[in-house]
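**Q** Sharing work.cif, mmCIF, C-alpha atoms:
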data_structure
#
loop_
_atom_site.label_atom_id
_atom_site.label_comp_id
_atom_site.auth_asym_id
_atom_site.auth_seq_id
_atom_site.Cartn_x
_atom_site.Cartn_y
_atom_site.Cartn_z
CA MET W 850 115.86 138.79 112.07
CA ARG W 851 113.58 137.28 109.51
CA ALA W 852 112.38 133.74 110.13
CA THR W 853 114.57 131.19 108.39
CA ILE W 854 113.38 127.91 106.94
CA GLN W 855 115.84 125.10 106.49
CA ALA W 856 114.57 122.03 104.63
CA LEU W 857 116.37 118.91 105.77
CA THR W 858 116.48 115.48 104.12
CA GLY W 859 118.39 112.23 104.31
CA ALA W 860 119.76 111.51 107.75
CA LEU W 861 118.38 114.81 109.06
CA ALA W 862 121.77 116.29 109.82
CA LEU W 863 120.56 118.88 112.27
CA THR W 864 123.36 120.59 114.14
CA SER W 865 123.80 123.80 116.05
CA ALA W 866 124.47 125.36 112.66
CA ALA W 867 120.73 125.22 112.05
CA PHE W 868 120.51 128.24 114.28
CA ALA W 869 123.94 129.68 113.55
CA ALA W 870 122.39 133.08 112.91
CA ALA W 871 121.17 133.20 116.49
CA PRO W 872 122.22 131.62 119.79
CA ALA W 873 119.84 129.10 121.35
CA VAL W 874 119.06 131.54 124.13
CA ALA W 875 118.31 135.08 122.99
CA ASP W 876 115.95 137.86 123.87
CA GLY W 877 113.05 138.10 121.50
CA GLU W 878 113.45 134.78 119.70
CA VAL W 879 111.86 131.34 119.60
CA ASN W 880 113.25 128.22 117.90
CA ILE W 881 110.85 125.90 116.13
CA TYR W 882 111.24 122.37 114.81
CA SER W 883 108.39 121.77 112.37
CA TYR W 884 106.88 118.81 110.57
CA ARG W 885 104.46 121.27 109.02
CA GLN W 886 105.57 122.54 105.64
CA PRO W 887 106.95 126.10 105.55
CA PHE W 888 104.24 127.52 103.30
CA LEU W 889 101.59 126.35 105.76
CA ILE W 890 103.06 128.03 108.84
CA GLN W 891 104.93 131.10 107.57
CA PRO W 892 101.86 133.38 107.47
CA LEU W 893 101.23 132.54 111.13
CA LEU W 894 104.82 133.15 112.17
CA ASP W 895 104.91 136.46 110.31
CA ALA W 896 101.77 137.56 112.15
CA PHE W 897 103.26 136.44 115.48
CA THR W 898 106.43 138.45 114.92
CA ALA W 899 104.46 141.51 113.81
CA GLU W 900 102.35 141.37 116.98
CA THR W 901 105.01 140.49 119.56
CA GLY W 902 108.36 141.51 118.07
CA ILE W 903 109.62 137.98 118.76
CA ASP W 904 111.55 136.49 115.83
CA THR W 905 111.12 132.88 114.78
CA ASN W 906 113.83 130.47 113.64
CA VAL W 907 112.48 127.35 111.95
CA VAL W 908 113.86 123.99 110.95
CA PHE W 909 111.58 121.90 108.74
CA ALA W 910 111.83 118.15 108.14
CA SER W 911 109.38 115.42 107.16
CA LYS W 912 110.62 112.93 109.76
CA GLY W 913 112.97 112.41 112.68
CA LEU W 914 112.52 115.68 114.55
CA GLY W 915 111.20 114.14 117.75
CA GLU W 916 114.05 111.68 117.84
CA ARG W 917 116.50 114.50 117.15
CA ILE W 918 115.21 116.51 120.10
CA ALA W 919 115.59 113.42 122.28
CA ALA W 920 119.17 112.89 121.08
CA GLU W 921 120.07 116.55 121.63
CA GLY W 922 118.82 116.35 125.21
CA GLU W 923 119.48 119.38 127.37
CA ASN W 924 121.45 120.99 124.54
CA SER W 925 118.54 121.04 122.10
CA PRO W 926 117.90 124.52 120.69
CA ALA W 927 114.27 123.62 119.99
CA ASP W 928 111.63 125.46 121.99
CA VAL W 929 108.56 123.98 120.32
CA LEU W 930 107.71 121.13 117.99
CA LEU W 931 104.94 121.71 115.45
CA THR W 932 103.46 118.49 114.14
CA VAL W 933 100.32 116.77 112.87
CA ASP W 934 98.20 113.90 114.15
CA ILE W 935 97.56 112.73 117.69
CA GLY W 936 100.03 109.89 117.08
CA ARG W 937 102.95 112.26 116.63
CA LEU W 938 101.79 114.61 119.37
CA ASP W 939 101.41 111.80 121.89
CA GLY W 940 104.61 110.24 120.53
CA ALA W 941 106.52 113.34 121.60
CA LYS W 942 105.15 112.91 125.10
CA GLN W 943 106.13 109.23 125.14
CA LEU W 944 109.64 110.13 123.98
CA GLY W 945 109.98 112.32 127.04
CA ILE W 946 110.78 115.46 125.05
CA SER W 947 107.82 117.58 126.19
CA GLN W 948 106.82 119.56 129.24
CA PRO W 949 103.35 120.73 130.30
CA VAL W 950 102.06 124.06 129.05
CA THR W 951 100.66 126.09 131.93
CA SER W 952 98.54 128.86 130.45
CA GLN W 953 95.03 130.00 131.25
CA THR W 954 95.00 131.68 127.83
CA VAL W 955 95.59 128.36 126.06
CA ASN W 956 93.08 126.55 128.28
CA GLY W 957 90.50 129.19 127.47
CA ASN W 958 91.12 129.01 123.73
CA VAL W 959 91.45 125.24 123.24
CA PRO W 960 88.70 122.88 124.46
CA ALA W 961 89.84 120.10 126.79
CA GLU W 962 89.24 117.34 124.24
CA PHE W 963 91.93 118.90 122.06
CA ARG W 964 94.54 119.12 124.83
CA ASP W 965 96.58 116.48 126.58
CA PRO W 966 95.07 115.99 130.05
CA GLU W 967 98.53 116.74 131.51
CA GLY W 968 99.24 119.63 129.12
CA HIS W 969 102.03 117.95 127.12
CA TRP W 970 100.45 118.71 123.74
CA ILE W 971 98.03 121.34 122.48
CA GLY W 972 95.79 120.95 119.45
CA LEU W 973 95.68 123.95 117.13
CA THR W 974 93.47 122.85 114.23
CA ASN W 975 91.21 119.99 113.24
CA ARG W 976 91.10 117.99 110.05
CA ALA W 977 88.47 115.34 109.41
CA ARG W 978 89.15 111.89 107.94
CA VAL W 979 86.47 111.79 105.27
CA VAL W 980 85.44 109.90 102.17
CA TYR W 981 86.22 111.36 98.76
CA ALA W 982 83.57 110.06 96.35
CA SER W 983 83.44 110.10 92.57
CA ARG W 984 80.87 112.57 91.27
CA GLU W 985 80.21 110.31 88.28
CA ARG W 986 80.06 106.86 89.90
CA VAL W 987 78.78 107.38 93.45
CA ASP W 988 75.21 108.57 93.91
CA GLN W 989 74.73 108.40 97.67
CA ASP W 990 75.08 111.50 99.81
CA ALA W 991 75.78 109.80 103.15
CA ILE W 992 78.16 107.10 104.34
CA THR W 993 79.59 105.57 107.51
CA TYR W 994 83.05 104.24 108.26
CA GLU W 995 81.42 100.93 109.11
CA GLU W 996 79.91 100.80 105.61
CA LEU W 997 83.35 100.72 104.01
CA ALA W 998 83.43 96.99 104.85
CA ASP W 999 80.17 96.35 102.94
CA PRO W 1000 80.78 94.04 99.94
CA LYS W 1001 79.01 96.55 97.68
CA TRP W 1002 82.30 98.49 97.69
CA LYS W 1003 84.40 95.51 96.59
CA GLY W 1004 87.16 96.70 94.26
CA ARG W 1005 86.09 100.32 94.65
CA ILE W 1006 88.14 101.75 97.57
CA CYS W 1007 91.58 103.40 97.53
CA THR W 1008 93.60 104.47 100.55
CA ARG W 1009 97.12 105.16 101.72
CA SER W 1010 99.06 102.70 103.91
CA GLY W 1011 97.28 101.26 106.88
CA GLN W 1012 100.33 102.08 108.99
CA HIS W 1013 100.33 105.77 108.14
CA VAL W 1014 99.54 107.90 111.17
CA TYR W 1015 96.35 109.23 109.54
CA THR W 1016 95.00 105.71 109.01
CA ILE W 1017 96.10 104.51 112.43
CA GLY W 1018 94.22 107.41 113.99
CA LEU W 1019 90.99 106.38 112.28
CA VAL W 1020 91.46 102.71 113.14
CA ALA W 1021 92.23 103.64 116.75
CA SER W 1022 88.95 105.58 116.90
CA MET W 1023 87.14 102.48 115.63
CA VAL W 1024 88.78 100.44 118.41
CA ALA W 1025 87.62 103.02 120.95
CA HIS W 1026 84.05 102.81 119.66
CA HIS W 1027 83.71 99.12 118.81
CA GLY W 1028 86.51 97.19 120.49
CA ALA W 1029 89.42 95.30 118.96
CA GLU W 1030 87.50 92.22 117.78
CA LYS W 1031 84.90 94.09 115.76
CA THR W 1032 87.53 96.49 114.41
CA GLU W 1033 89.57 93.53 113.17
CA GLU W 1034 86.53 92.22 111.28
CA TRP W 1035 85.94 95.68 109.86
CA LEU W 1036 89.54 96.00 108.70
CA GLU W 1037 89.31 92.65 106.93
CA GLY W 1038 86.19 93.84 105.11
CA VAL W 1039 87.77 97.14 104.06
CA ARG W 1040 90.92 95.32 102.93
CA ASP W 1041 88.87 93.00 100.74
CA ASN W 1042 87.09 95.99 99.20
CA LEU W 1043 90.31 97.73 98.14
CA ALA W 1044 90.87 98.34 94.44
CA ARG W 1045 94.65 98.02 94.88
CA LYS W 1046 97.34 97.77 97.50
CA PRO W 1047 97.43 100.88 99.71
CA ALA W 1048 99.93 103.38 98.29
CA GLY W 1049 100.59 107.08 97.90
CA ASN W 1050 99.39 110.10 99.85
CA ASP W 1051 95.85 111.43 100.19
CA ARG W 1052 96.02 113.42 96.97
CA ALA W 1053 97.13 110.29 95.11
CA GLN W 1054 93.87 108.62 96.15
CA VAL W 1055 91.86 111.44 94.56
CA GLN W 1056 94.00 111.14 91.43
CA ALA W 1057 93.12 107.43 91.36
CA ILE W 1058 89.40 108.25 91.50
CA TYR W 1059 89.88 110.75 88.67
CA ALA W 1060 91.63 108.03 86.65
CA GLY W 1061 88.82 105.54 87.27
CA GLU W 1062 90.91 103.17 89.40
CA CYS W 1063 88.49 103.40 92.32
CA ASP W 1064 85.26 105.14 93.27
CA ILE W 1065 85.84 106.24 96.86
CA ALA W 1066 88.89 106.97 99.00
CA LEU W 1067 89.81 107.99 102.51
CA GLY W 1068 91.51 111.36 102.91
CA ASN W 1069 91.86 114.43 105.11
CA THR W 1070 89.60 117.39 104.39
CA TYR W 1071 92.29 120.04 103.96
CA TYR W 1072 93.74 118.25 100.93
CA MET W 1073 90.64 119.30 99.01
CA GLY W 1074 91.56 122.94 99.62
CA LEU W 1075 95.18 122.35 98.66
CA MET W 1076 94.12 120.73 95.38
CA GLN W 1077 91.47 123.29 94.56
CA THR W 1078 93.94 126.16 94.98
CA ASN W 1079 97.01 124.54 93.41
CA GLU W 1080 98.13 126.91 90.65
CA LYS W 1081 101.52 125.25 90.11
CA GLU W 1082 99.95 121.87 89.31
CA PRO W 1083 96.56 122.71 87.81
CA GLU W 1084 95.84 119.05 87.10
CA GLN W 1085 95.16 118.72 90.82
CA GLN W 1086 92.24 121.10 90.41
CA GLU W 1087 90.81 118.63 87.90
CA TRP W 1088 91.27 115.79 90.37
CA ALA W 1089 89.42 117.79 93.02
CA GLU W 1090 86.60 118.60 90.64
CA SER W 1091 86.03 114.88 90.01
CA VAL W 1092 85.10 114.17 93.64
CA ARG W 1093 82.95 115.43 96.47
CA ILE W 1094 83.38 115.04 100.20
CA LEU W 1095 81.14 112.76 102.23
CA PHE W 1096 81.34 113.29 105.99
CA PRO W 1097 81.03 109.80 107.52
CA ASN W 1098 78.64 109.04 110.37
CA SER W 1099 77.03 112.47 110.18
CA GLU W 1100 73.74 110.94 111.34
CA ASP W 1101 75.18 109.31 114.46
CA ARG W 1102 78.47 109.91 116.33
CA GLY W 1103 80.07 112.16 113.70
CA SER W 1104 83.25 112.11 111.62
CA HIS W 1105 86.66 111.25 113.03
CA VAL W 1106 88.76 114.37 113.49
CA ASN W 1107 92.45 114.61 114.22
CA LEU W 1108 94.80 117.43 115.05
CA ALA W 1109 97.65 119.59 114.03
CA GLY W 1110 99.28 120.79 117.20
CA VAL W 1111 102.27 121.93 119.20
CA VAL W 1112 104.54 120.63 121.93
CA LEU W 1113 106.62 122.72 124.35
CA THR W 1114 109.99 120.96 124.49
CA LYS W 1115 111.36 119.69 127.79
CA HIS W 1116 114.49 121.84 127.73
CA ALA W 1117 113.14 124.87 125.83
CA PRO W 1118 115.86 127.56 126.11
CA ASN W 1119 113.34 130.31 125.33
CA LYS W 1120 110.40 128.94 127.30
CA ASP W 1121 108.62 132.24 127.94
CA ASN W 1122 108.68 133.14 124.25
CA ALA W 1123 107.62 129.61 123.34
CA VAL W 1124 104.56 129.88 125.58
CA LYS W 1125 103.75 133.25 124.00
CA LEU W 1126 103.91 131.58 120.58
CA ILE W 1127 101.60 128.76 121.68
CA GLU W 1128 99.17 131.29 123.14
CA PHE W 1129 99.22 133.23 119.90
CA LEU W 1130 98.64 130.13 117.77
CA SER W 1131 95.57 129.34 119.85
CA SER W 1132 94.22 132.89 119.55
CA GLY W 1133 91.32 133.96 117.37
CA LYS W 1134 93.60 135.88 115.02
CA ALA W 1135 95.87 132.90 114.35
CA GLN W 1136 92.93 130.52 114.12
CA GLU W 1137 91.45 132.70 111.39
CA ILE W 1138 94.74 132.52 109.46
CA TYR W 1139 94.76 128.74 109.85
CA ALA W 1140 91.21 128.57 108.54
CA GLU W 1141 91.88 130.72 105.47
CA THR W 1142 95.39 129.58 104.56
CA ASN W 1143 95.41 125.89 105.51
CA HIS W 1144 91.76 124.96 104.90
CA GLU W 1145 91.48 123.49 108.38
CA TYR W 1146 88.91 123.66 111.16
CA PRO W 1147 89.78 126.03 114.03
CA VAL W 1148 89.72 124.51 117.52
CA LYS W 1149 88.90 127.81 119.22
CA PRO W 1150 85.12 128.04 119.64
CA GLY W 1151 83.51 130.87 117.73
CA VAL W 1152 86.10 131.12 114.95
CA GLU W 1153 84.44 130.55 111.59
CA VAL W 1154 85.76 128.18 108.95
CA SER W 1155 86.62 129.62 105.56
CA GLU W 1156 84.03 129.97 102.80
CA ARG W 1157 85.85 127.26 100.85
CA VAL W 1158 85.62 124.82 103.73
CA LYS W 1159 81.95 125.72 104.23
CA SER W 1160 81.31 124.80 100.60
CA TRP W 1161 82.23 121.18 101.30
CA GLY W 1162 79.26 120.74 103.62
CA GLU W 1163 78.51 120.78 107.31
CA ILE W 1164 80.59 118.59 109.58
CA LYS W 1165 79.51 116.87 112.76
CA LYS W 1166 82.64 116.03 114.72
CA ASP W 1167 83.05 112.82 116.69
CA PRO W 1168 83.38 114.03 120.31
CA LEU W 1169 85.72 111.14 121.19
CA PRO W 1170 88.66 112.66 123.12
CA LEU W 1171 91.89 112.50 121.13
CA ALA W 1172 93.59 111.09 124.22
CA ASP W 1173 91.39 108.00 123.80
CA VAL W 1174 92.56 107.69 120.19
CA ALA W 1175 96.17 107.91 121.35
CA GLU W 1176 95.62 105.12 123.87
CA ASN W 1177 94.38 102.77 121.14
CA ARG W 1178 97.06 103.44 118.52
CA LYS W 1179 99.20 100.43 119.45
CA THR W 1180 96.23 98.09 119.16
CA ALA W 1181 95.26 99.70 115.86
CA SER W 1182 98.75 99.20 114.41
CA GLU W 1183 98.80 95.58 115.49
CA LEU W 1184 95.41 94.93 113.88
CA VAL W 1185 96.50 96.53 110.60
CA ASP W 1186 99.42 94.12 110.43
CA LYS W 1187 97.38 91.15 111.66
CA VAL W 1188 94.90 91.38 108.79
CA GLY W 1189 97.58 92.11 106.20
CA PHE W 1190 95.89 95.37 105.28
CA ASP W 1191 98.82 96.72 103.29
CA ASP W 1192 99.01 93.50 101.24
CA GLY W 1193 95.83 94.62 99.55
CA PRO W 1194 92.63 92.75 98.73
CA SER W 1195 92.63 88.97 99.09
CA SER W 1196 92.46 86.87 95.92
#
Turn this file's structure into structure tokens for me.

**A**
Amino acid sequence: MRATIQALTGALALTSAAFAAAPAVADGEVNIYSYRQPFLIQPLLDAFTAETGIDTNVVFASKGLGERIAAEGENSPADVLLTVDIGRLDGAKQLGISQPVTSQTVNGNVPAEFRDPEGHWIGLTNRARVVYASRERVDQDAITYEELADPKWKGRICTRSGQHVYTIGLVASMVAHHGAEKTEEWLEGVRDNLARKPAGNDRAQVQAIYAGECDIALGNTYYMGLMQTNEKEPEQQEWAESVRILFPNSEDRGSHVNLAGVVLTKHAPNKDNAVKLIEFLSSGKAQEIYAETNHEYPVKPGVEVSERVKSWGEIKKDPLPLADVAENRKTASELVDKVGFDDGPSS
């Protein structure tokens, strides 16, 4: 059976019909709920099926999958949840929809800082939260996250919502490094340096730089690759050409990195096959596909990044364990609201 992708919207009306072509329990199959877009994961799933003979059934949605698994309970057909960001990975654990992955193969492939200490989530790739800088209006070649609060950037910064999981992850890392009080001061400074109210996704921030609305923006690295290779919307290639990536804090602790990863569901009906999939996704072969197709950083040591990613410059990764970021997400969210970050710059 070929892998099937079902895009769901609205109320996320997932039912057993999602896997009508196959029963929840079947030899040689694994059922996947995915927040990751189909075009990003299909090459990996095709390679997995070719190597193992195990077919993949996939449901894709942009939100609500974790809650759906919780509502389905023991009857959930989902074996694994593919998602992005430590917030969503740890959120699955907090929802009680995960179970530990016990695999020496996974432990050997994925360093401990990219795994839940209890095995409830496994990181598969890294993406760095970097600064996109205008080639025309920004001369400096180095920057720090702390510097984003410097008044010299007043009216020059764009970013997406402070409550988006990508932003919360960065703010949580600042809390881990500097404490809540200093992070609050920093957030106030960044807020006052914004060119506009936070809005749009990461690519929209680069578009805003291209349009002259701001000079620098926060964004994830892999969006540069997606823009540079976008043949359907070639204007995004122009946006990408207008900026360059600055890796923050490269001269001290390194740039904040987050994860795309996987969770083994609590009631996985095809657990053995699900573990085989997780092992495959952590393997060198799959990590190479991730690197080439998704423009991300492999977590498995020794796997090279793509030539395109290399062209953006060398990254020094912040060694802060992602579990520490997860622990500080609540505080980060509260601080974002406390300073009115999403209200935009003060008058």

**Q** Taking a cut-off of 9 Å and counting only C-alpha atoms, can you build a table that, for each residue of region 1098-1163 of chain W near region 989-1007 of chain W, reports the nearest atom pair and how far apart they are in Å (one decimal), sorted by chain then residue number, as JSON lines?

**A**
{"residue": "W:Asn1098", "atom": "CA", "partner": "W:Thr993", "partner_atom": "CA", "distance": 4.6}
{"residue": "W:Ser1099", "atom": "CA", "partner": "W:Ala991", "partner_atom": "CA", "distance": 7.6}
{"residue": "W:Glu1100", "atom": "CA", "partner": "W:Ala991", "partner_atom": "CA", "distance": 8.5}
{"residue": "W:Ser1104", "atom": "CA", "partner": "W:Thr993", "partner_atom": "CA", "distance": 8.5}

**Q** Just checking: using all atoms listed in the file, which residue out of W:Trp1161, W:Tyr981, W:Tyr1146, W:Tyr884 ends up closest to Ile1058 (chain W)?

**A** W:Tyr981

**Q** Given all atoms listed in the file as the basis, pick out the residue of W:Lys1134, W:Lys1149, W:Arg984, W:His1105 nearest to Leu893 (chain W).

**A** W:Lys1134

**Q** Once 4 Å is added on each side, what centre and edge lengths in Å to one decimal does the axis-aligned box around all listed atoms of region 1018-1034 of chain W have, as lines of an AutoDock Vina configuration file?

**A**
center_x = 89.0
center_y = 99.8
center_z = 116.1
size_x = 18.5
size_y = 23.2
size_z = 17.7

**Q** I would like the residues chosen by the PyMOL selection byres ((chain W and resi 917) around 12) on the shown file; could you give them as an MDAnalysis selection string?

**A** chainID W and resid 860:865 882:883 908 910 912:916 918:927 930 941 944 946 1114

**Q** Write out as a list in words each polymer residue whose atoms come within 9 Å of region 1179-1187 of chain W, counting all atoms listed in the file; drop sequence neighbours fewer than 4 positions from it.

**A** Gly1011, Gln1012, Ile1017, Gly1018, Leu1019, Val1020, Ala1021, Ser1022, Met1023, Val1024, Ala1029, Thr1032, Glu1033, Leu1036, Glu1037, Ala1175 and Asp1191 of chain W

**Q** If the PyMOL selection byres ((chain W and resi 971) around 6) is run on the structure shown, which residues does it catch, given as a PyMOL selection string?

**A** chain W and resi 964+970+972+1110-1111

**Q** Please build the interface table for region 1006-1058 of chain W against region 1064-1077 of chain W with a cut-off of 10 Å, listing for each qualifying residue the nearest atom pair and the distance in Å to one decimal; count all atoms listed in the file, order rows by chain and increasing number, and write it as JSON lines.

**A**
{"residue": "W:Ile1006", "atom": "CA", "partner": "W:Ile1065", "partner_atom": "CA", "distance": 5.1}
{"residue": "W:Cys1007", "atom": "CA", "partner": "W:Ala1066", "partner_atom": "CA", "distance": 4.7}
{"residue": "W:Thr1008", "atom": "CA", "partner": "W:Leu1067", "partner_atom": "CA", "distance": 5.5}
{"residue": "W:Arg1009", "atom": "CA", "partner": "W:Leu1067", "partner_atom": "CA", "distance": 7.9}
{"residue": "W:Tyr1015", "atom": "CA", "partner": "W:Asn1069", "partner_atom": "CA", "distance": 8.2}
{"residue": "W:Thr1016", "atom": "CA", "partner": "W:Leu1067", "partner_atom": "CA", "distance": 8.6}
{"residue": "W:Leu1019", "atom": "CA", "partner": "W:Leu1067", "partner_atom": "CA", "distance": 10.0}
{"residue": "W:Leu1043", "atom": "CA", "partner": "W:Ala1066", "partner_atom": "CA", "distance": 9.4}
{"residue": "W:Ala1044", "atom": "CA", "partner": "W:Asp1064", "partner_atom": "CA", "distance": 8.9}
{"residue": "W:Asn1050", "atom": "CA", "partner": "W:Gly1068", "partner_atom": "CA", "distance": 8.5}
{"residue": "W:Asp1051", "atom": "CA", "partner": "W:Gly1068", "partner_atom": "CA", "distance": 5.1}
{"residue": "W:Arg1052", "atom": "CA", "partner": "W:Tyr1072", "partner_atom": "CA", "distance": 6.6}
{"residue": "W:Ala1053", "atom": "CA", "partner": "W:Gly1068", "partner_atom": "CA", "distance": 9.7}
{"residue": "W:Gln1054", "atom": "CA", "partner": "W:Ala1066", "partner_atom": "CA", "distance": 6.0}
{"residue": "W:Val1055", "atom": "CA", "partner": "W:Ala1066", "partner_atom": "CA", "distance": 7.0}
{"residue": "W:Ala1057", "atom": "CA", "partner": "W:Asp1064", "partner_atom": "CA", "distance": 8.4}
{"residue": "W:Ile1058", "atom": "CA", "partner": "W:Asp1064", "partner_atom": "CA", "distance": 5.5}

**Q** Using Å and a single decimal, report how far CA of Asp928 (chain W) sits from CA of Lys1120 (chain W).

**A**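 CA of Lys1120 (chain W) sits 6.5 Å away from CA of Asp928 (chain W).
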
**Q** For each of W:Glu1082, W:Glu900, W:Glu1145, W:Glu1163, take the minimum atom-to-atom distance to Leu1108 (chain W), counting only C-alpha atoms, then give the residue where this is smallest.

**A**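 Smallest separation from Leu1108 (chain W) among the options: W:Glu1145.
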
**Q** In Å, with one decimal, what is the gap from CA of Gly968 (chain W) to CA of Ile1127 (chain W)?

**A** 12.0 Å

**Q** Some atoms are missing, so please complete region 1183-1190 of chain W with all heavy atoms and return it as a PDB file, keeping the file's coordinate frame.

**A**
ATOM      1  N   GLU W1183      98.705  97.038 115.464  1.00  0.00           N
ATOM      2  CA  GLU W1183      98.800  95.580 115.490  1.00  0.00           C
ATOM      3  C   GLU W1183      97.717  94.934 114.635  1.00  0.00           C
ATOM      4  O   GLU W1183      97.964  93.941 113.935  1.00  0.00           O
ATOM      5  CB  GLU W1183      98.709  95.080 116.939  1.00  0.00           C
ATOM      6  CG  GLU W1183      99.924  95.460 117.783  1.00  0.00           C
ATOM      7  CD  GLU W1183      99.725  95.186 119.262  1.00  0.00           C
ATOM      8  OE1 GLU W1183      98.567  94.915 119.661  1.00  0.00           O
ATOM      9  OE2 GLU W1183     100.719  95.253 120.016  1.00  0.00           O
ATOM     10  N   LEU W1184      96.516  95.487 114.678  1.00  0.00           N
ATOM     11  CA  LEU W1184      95.410  94.930 113.880  1.00  0.00           C
ATOM     12  C   LEU W1184      95.656  95.121 112.385  1.00  0.00           C
ATOM     13  O   LEU W1184      95.349  94.230 111.582  1.00  0.00           O
ATOM     14  CB  LEU W1184      94.094  95.594 114.287  1.00  0.00           C
ATOM     15  CG  LEU W1184      93.560  95.248 115.678  1.00  0.00           C
ATOM     16  CD1 LEU W1184      92.300  96.051 115.976  1.00  0.00           C
ATOM     17  CD2 LEU W1184      93.270  93.750 115.788  1.00  0.00           C
ATOM     18  N   VAL W1185      96.195  96.278 112.010  1.00  0.00           N
ATOM     19  CA  VAL W1185      96.500  96.530 110.600  1.00  0.00           C
ATOM     20  C   VAL W1185      97.454  95.467 110.068  1.00  0.00           C
ATOM     21  O   VAL W1185      97.267  94.923 108.967  1.00  0.00           O
ATOM     22  CB  VAL W1185      97.095  97.948 110.419  1.00  0.00           C
ATOM     23  CG1 VAL W1185      97.731  98.099 109.031  1.00  0.00           C
ATOM     24  CG2 VAL W1185      96.015  99.000 110.601  1.00  0.00           C
ATOM     25  N   ASP W1186      98.477  95.151 110.843  1.00  0.00           N
ATOM     26  CA  ASP W1186      99.420  94.120 110.430  1.00  0.00           C
ATOM     27  C   ASP W1186      98.794  92.728 110.473  1.00  0.00           C
ATOM     28  O   ASP W1186      99.045  91.884 109.599  1.00  0.00           O
ATOM     29  CB  ASP W1186     100.666  94.143 111.318  1.00  0.00           C
ATOM     30  CG  ASP W1186     101.644  95.238 110.933  1.00  0.00           C
ATOM     31  OD1 ASP W1186     101.497  95.815 109.828  1.00  0.00           O
ATOM     32  OD2 ASP W1186     102.550  95.538 111.734  1.00  0.00           O
ATOM     33  N   LYS W1187      97.985  92.473 111.488  1.00  0.00           N
ATOM     34  CA  LYS W1187      97.380  91.150 111.660  1.00  0.00           C
ATOM     35  C   LYS W1187      96.527  90.756 110.466  1.00  0.00           C
ATOM     36  O   LYS W1187      96.565  89.590 110.020  1.00  0.00           O
ATOM     37  CB  LYS W1187      96.541  91.124 112.937  1.00  0.00           C
ATOM     38  CG  LYS W1187      95.944  89.751 113.252  1.00  0.00           C
ATOM     39  CD  LYS W1187      95.184  89.780 114.569  1.00  0.00           C
ATOM     40  CE  LYS W1187      94.604  88.413 114.898  1.00  0.00           C
ATOM     41  NZ  LYS W1187      93.854  88.442 116.195  1.00  0.00           N
ATOM     42  N   VAL W1188      95.772  91.704 109.931  1.00  0.00           N
ATOM     43  CA  VAL W1188      94.900  91.380 108.790  1.00  0.00           C
ATOM     44  C   VAL W1188      95.590  91.521 107.444  1.00  0.00           C
ATOM     45  O   VAL W1188      94.984  91.280 106.402  1.00  0.00           O
ATOM     46  CB  VAL W1188      93.602  92.231 108.817  1.00  0.00           C
ATOM     47  CG1 VAL W1188      92.886  92.108 110.145  1.00  0.00           C
ATOM     48  CG2 VAL W1188      93.903  93.697 108.498  1.00  0.00           C
ATOM     49  N   GLY W1189      96.847  91.924 107.455  1.00  0.00           N
ATOM     50  CA  GLY W1189      97.580  92.110 106.200  1.00  0.00           C
ATOM     51  C   GLY W1189      96.988  93.210 105.351  1.00  0.00           C
ATOM     52  O   GLY W1189      96.913  93.091 104.117  1.00  0.00           O
ATOM     53  N   PHE W1190      96.603  94.304 105.989  1.00  0.00           N
ATOM     54  CA  PHE W1190      95.890  95.370 105.280  1.00  0.00           C
ATOM     55  C   PHE W1190      96.724  95.909 104.105  1.00  0.00           C
ATOM     56  O   PHE W1190      96.191  96.111 103.006  1.00  0.00           O
ATOM     57  CB  PHE W1190      95.569  96.503 106.248  1.00  0.00           C
ATOM     58  CG  PHE W1190      94.647  97.548 105.677  1.00  0.00           C
ATOM     59  CD1 PHE W1190      93.276  97.381 105.710  1.00  0.00           C
ATOM     60  CD2 PHE W1190      95.153  98.717 105.116  1.00  0.00           C
ATOM     61  CE1 PHE W1190      92.423  98.348 105.197  1.00  0.00           C
ATOM     62  CE2 PHE W1190      94.315  99.681 104.588  1.00  0.00           C
ATOM     63  CZ  PHE W1190      92.936  99.498 104.638  1.00  0.00           C
TER      64      PHE W1190
END
